[in-house]
Structure formats: C-alpha cells, structure tokens
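Beneath this line is the structure, given in structure tokens, with notes to follow.
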Amino acid sequence: MRLQGKVAVITGASAGIGQAIAELFAEEGAKLVLADVDAKNGGQVTEAIRAKGGDARFFEADISKDADDRRIAREAVEVFGRIDVLVNDAAAFVLKGFDATPEDWQRSLSTNVMGTALVTKYAVEHMKKTGGAIVNLASISSFVAQPDFFAYSATKAAILQMTRNMALDLGPFNIRVNCICPGTILTSATYRHLKNTGMSFEDFEAAEGAKTFLGRIGQAREVAHAALFLASNEASYITGASLMVDGGYTAQ
C-alpha cells in the first residue's frame, strides 16, 4: 500500500474527483480527514470508506472561511496527530465570463484561490515538522482559453502559479507541492453545467471527446490515480510540476 500509515487531508471530498481521491487513498492505506461544505454527501462518503475497513473522519467546512481553514488542520492533528498529505480539491465552479457579477467573483476567488492558500497555510504549520506532499487541483483551464469561462479559469491559473511558489518556499522543509490539471472529467459538476446550458449529455460527450487524442472524456478515478502517484514516495523527486490528465487535450 503506497500510503500506509499516512494521514491525508482532502478538501472537496464529498463528490466527484475529491470523492474518488478519498476512496483510492483509503484503499492505499491512508488515514483520512475529509472536508466539504456538503455534509450529507460527505458523511455518506466517509461511512462507505469505513464500511470497507478504512479510517476516515469528516468535517463540514467552507474553505472560503478562514476559521474553517484553521479548523481543518487542527482537527486533523487532534484526531491523527499529524498531516502527511494535503489534497486541495474544493472549488467553486463559477463558469462565467463578462456576465460574472462581483458576487460571482468573490465566490470564485475566495474559495478557489484564497481558500486553497489558507488551507495550505495552516496545514504546513504541522507538515513542516515531518515533510510531506501537497497536491493541488488546477485545470486545463489554467492553460487554454475557453469561451465565457474566465471567472473560473483565472482562479485555476492562480492555483498553477501558487503551486510553483509553494514548491519553492516549502522545498527546504521536504514538502513537495505539485498540481494536477484535469481535462473534461465526468462528475456531478458536469451534470450541473449541462443543466445550466441545456446541452444533452450525448452532445456534450461527443463534442468534448473529440477534443482529445483518446476520443473520450475522463473519469474521476483516472484523476485520483494521478493524485496517488504525486502523494506517494514514488514521486519523491517531483515538485513544482503540473501533470496534465486530459486525454491529450492540451497537447494538440
């Protein structure tokens, strides 16, 4: 097991990529602290992991709030005594361009940028003692232009650059920081987006799949395996990197 005995904190763990990462990390022996604003689904994910023999705790938290960011780290250390891995997956999906309101921008920036930065700030206060690994979830939107999308893309570009800066600052403490840049991945957020746009799943799948070398959209579990690699000792000499998990989308 690649994470046997490790304590991993995962934000945004109640659904989608975060849930897939939590499930895979549990299978690989990690002790989990799961955080999300969705207490109902988060509790169900946690109970399902426990039912399979995993060790997991769930805490309802909104990472746009400083008090919750502090609490995530504090609770992890109180329960398990340490933090070895942090996965910053929680995000607000404000998929807008010039139609974004000041409130939209505030939600996007306070969660995706400030929340990620502050969760990390409080976690590394403990991680500096032992070293560890941080995996941030950026996006292909960190690299490519997409129509009517920049309220989201700007925050993911920020995460990409924060990853590089964090890796520089935390290297002396033997803390590696990398980010994953998923392409189009099938999650509950995908279905919400389709509902908002009125596009059928079949049309969406055909259009997005055609943009990749592999001719399909991705699955959350495929992103989780990338996170597992970066969190594990197998990636011991990798830091400041961005790993594309996009079926070749950005290589065209």
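Residue names in the structure tokens use chain letters A, B, ... in the order shown, residue numbers from 1 in each chain, and ligand numbers from 1 in the order shown.
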
Counting only C-alpha atoms, give me one row per residue of region 15-64 of chain A with an atom at most 8 Å from an atom of region 69-86 of chain A, showing the shortest contact pair and its distance in Å to one decimal, sorted by chain then residue number, as a Markdown table.
```
| residue | atom | partner | partner_atom | distance |
| --- | --- | --- | --- | --- |
| A:Lys31 | CA | A:Phe80 | CA | 7.8 |
| A:Val33 | CA | A:Ala76 | CA | 6.0 |
| A:Ala35 | CA | A:Ile72 | CA | 7.2 |
| A:Phe59 | CA | A:Ile72 | CA | 7.4 |
| A:Ala61 | CA | A:Ile72 | CA | 7.5 |
| A:Asp62 | CA | A:Asp69 | CA | 7.7 |
| A:Ile63 | CA | A:Asp69 | CA | 5.5 |
| A:Ser64 | CA | A:Asp69 | CA | 7.8 |
```

If you run DSSP on the backbone here, which positions in region 24-160 of chain A get alpha helix (DSSP H)? Please write them as a PDB file with C-alpha atoms, in the first residue's frame.
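Okay, this is what ended up in selection.pdb:
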```
ATOM      1  CA  LEU A  24      -8.429   5.432  -3.612  1.00  0.00           C
ATOM      2  CA  PHE A  25      -6.276   6.838  -0.801  1.00  0.00           C
ATOM      3  CA  ALA A  26      -8.242   4.745   1.696  1.00  0.00           C
ATOM      4  CA  GLU A  27      -7.604   1.644  -0.404  1.00  0.00           C
ATOM      5  CA  ALA A  39     -22.221  17.432   4.999  1.00  0.00           C
ATOM      6  CA  LYS A  40     -24.794  14.921   3.745  1.00  0.00           C
ATOM      7  CA  ASN A  41     -22.748  13.516   0.876  1.00  0.00           C
ATOM      8  CA  GLY A  42     -19.521  13.910   2.827  1.00  0.00           C
ATOM      9  CA  GLY A  43     -20.918  11.784   5.617  1.00  0.00           C
ATOM     10  CA  GLN A  44     -22.031   9.139   3.158  1.00  0.00           C
ATOM     11  CA  VAL A  45     -18.596   9.003   1.511  1.00  0.00           C
ATOM     12  CA  THR A  46     -16.965   8.677   4.935  1.00  0.00           C
ATOM     13  CA  GLU A  47     -19.291   5.888   6.058  1.00  0.00           C
ATOM     14  CA  ALA A  48     -18.748   3.993   2.803  1.00  0.00           C
ATOM     15  CA  ILE A  49     -14.979   4.146   3.323  1.00  0.00           C
ATOM     16  CA  ARG A  50     -15.339   2.944   6.912  1.00  0.00           C
ATOM     17  CA  ALA A  51     -17.593   0.106   5.791  1.00  0.00           C
ATOM     18  CA  ASP A  66     -10.602  31.405   7.495  1.00  0.00           C
ATOM     19  CA  ALA A  67     -11.965  29.842  10.678  1.00  0.00           C
ATOM     20  CA  ASP A  68     -12.861  26.658   8.798  1.00  0.00           C
ATOM     21  CA  ASP A  69      -9.421  26.545   7.157  1.00  0.00           C
ATOM     22  CA  ARG A  70      -7.776  26.690  10.571  1.00  0.00           C
ATOM     23  CA  ARG A  71     -10.155  24.035  11.908  1.00  0.00           C
ATOM     24  CA  ILE A  72      -9.392  21.538   9.142  1.00  0.00           C
ATOM     25  CA  ALA A  73      -5.718  21.408  10.118  1.00  0.00           C
ATOM     26  CA  ARG A  74      -6.457  21.495  13.829  1.00  0.00           C
ATOM     27  CA  GLU A  75      -8.962  18.648  13.651  1.00  0.00           C
ATOM     28  CA  ALA A  76      -6.601  16.505  11.584  1.00  0.00           C
ATOM     29  CA  VAL A  77      -3.820  16.844  14.123  1.00  0.00           C
ATOM     30  CA  GLU A  78      -6.151  16.328  17.084  1.00  0.00           C
ATOM     31  CA  VAL A  79      -7.539  13.120  15.589  1.00  0.00           C
ATOM     32  CA  PHE A  80      -4.462  11.582  13.949  1.00  0.00           C
ATOM     33  CA  PRO A 102     -18.965  40.993  -8.164  1.00  0.00           C
ATOM     34  CA  GLU A 103     -20.591  38.318  -6.017  1.00  0.00           C
ATOM     35  CA  ASP A 104     -19.600  35.643  -8.538  1.00  0.00           C
ATOM     36  CA  TRP A 105     -16.014  36.866  -8.498  1.00  0.00           C
ATOM     37  CA  GLN A 106     -15.951  36.944  -4.721  1.00  0.00           C
ATOM     38  CA  ARG A 107     -17.179  33.348  -4.521  1.00  0.00           C
ATOM     39  CA  SER A 108     -14.729  32.139  -7.144  1.00  0.00           C
ATOM     40  CA  THR A 116      -6.634  26.872  -1.243  1.00  0.00           C
ATOM     41  CA  ALA A 117      -3.895  29.193   0.012  1.00  0.00           C
ATOM     42  CA  LEU A 118      -5.197  29.322   3.573  1.00  0.00           C
ATOM     43  CA  VAL A 119      -5.953  25.609   3.949  1.00  0.00           C
ATOM     44  CA  THR A 120      -2.366  25.045   2.868  1.00  0.00           C
ATOM     45  CA  LYS A 121      -1.007  27.738   5.192  1.00  0.00           C
ATOM     46  CA  TYR A 122      -2.481  26.113   8.279  1.00  0.00           C
ATOM     47  CA  ALA A 123      -1.674  22.552   7.216  1.00  0.00           C
ATOM     48  CA  VAL A 124       2.006  23.252   6.543  1.00  0.00           C
ATOM     49  CA  GLU A 125       2.460  24.596  10.058  1.00  0.00           C
ATOM     50  CA  HIS A 126       2.258  20.924  11.041  1.00  0.00           C
ATOM     51  CA  MET A 127       3.737  19.374   7.897  1.00  0.00           C
ATOM     52  CA  PHE A 150     -12.584  33.333 -17.338  1.00  0.00           C
ATOM     53  CA  ALA A 151     -14.109  33.792 -13.870  1.00  0.00           C
ATOM     54  CA  TYR A 152     -13.161  30.143 -13.326  1.00  0.00           C
ATOM     55  CA  SER A 153     -10.045  29.971 -15.498  1.00  0.00           C
ATOM     56  CA  ALA A 154      -8.381  32.889 -13.730  1.00  0.00           C
ATOM     57  CA  THR A 155      -8.581  31.060 -10.418  1.00  0.00           C
ATOM     58  CA  LYS A 156      -7.177  27.852 -11.846  1.00  0.00           C
ATOM     59  CA  ALA A 157      -4.290  29.764 -13.428  1.00  0.00           C
ATOM     60  CA  ALA A 158      -3.644  31.223  -9.981  1.00  0.00           C
ATOM     61  CA  ILE A 159      -3.502  27.734  -8.468  1.00  0.00           C
ATOM     62  CA  LEU A 160      -0.967  26.693 -11.094  1.00  0.00           C
TER      63      LEU A 160
END
```

> For Leu228 (chain A), which residue among A:Ala91, A:Leu170, A:Cys179, A:Ala210 is the nearest when counting only C-alpha atoms?
Replying inline: A:Cys179

> Which is closer to Phe229 (chain A) than all the others in A:Ser139, A:Leu243, A:Gly97, A:Ile217, using only C-alpha atoms?
Replying inline: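 Checking each candidate against Phe229 (chain A), we get A:Leu243 as the closest.
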
> Which is closer to Val9 (chain A) than all the others in A:Gly132, A:Gly218, A:Gly53, A:Gly198, using only C-alpha atoms?
Replying inline: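 Smallest distance to Val9 (chain A) is found for A:Gly132.
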
> Could you name the residues that touch Arg216 (chain A) at 8 Å or less, counting only C-alpha atoms, but leaving out those on the same chain fewer than 5 positions away, as a PyMOL selection string?
Replying inline: chain A and resi 205-206+208-210+247

Dump of C-alpha atoms for the selected residues, as a compact mmCIF listing (two decimals), in the first residue's frame:
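Dumped everything to selection03.txt:
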```txt
# COMPACT_ATOMS: atom_id res chain seq x y z
CA GLU A 205 -19.73 13.78 -24.62
CA ALA A 206 -19.31 13.77 -28.39
CA GLU A 208 -15.65 17.15 -25.63
CA GLY A 209 -14.38 13.70 -26.50
CA ALA A 210 -13.50 14.89 -30.00
CA GLY A 247 -6.54 12.67 -22.73
```
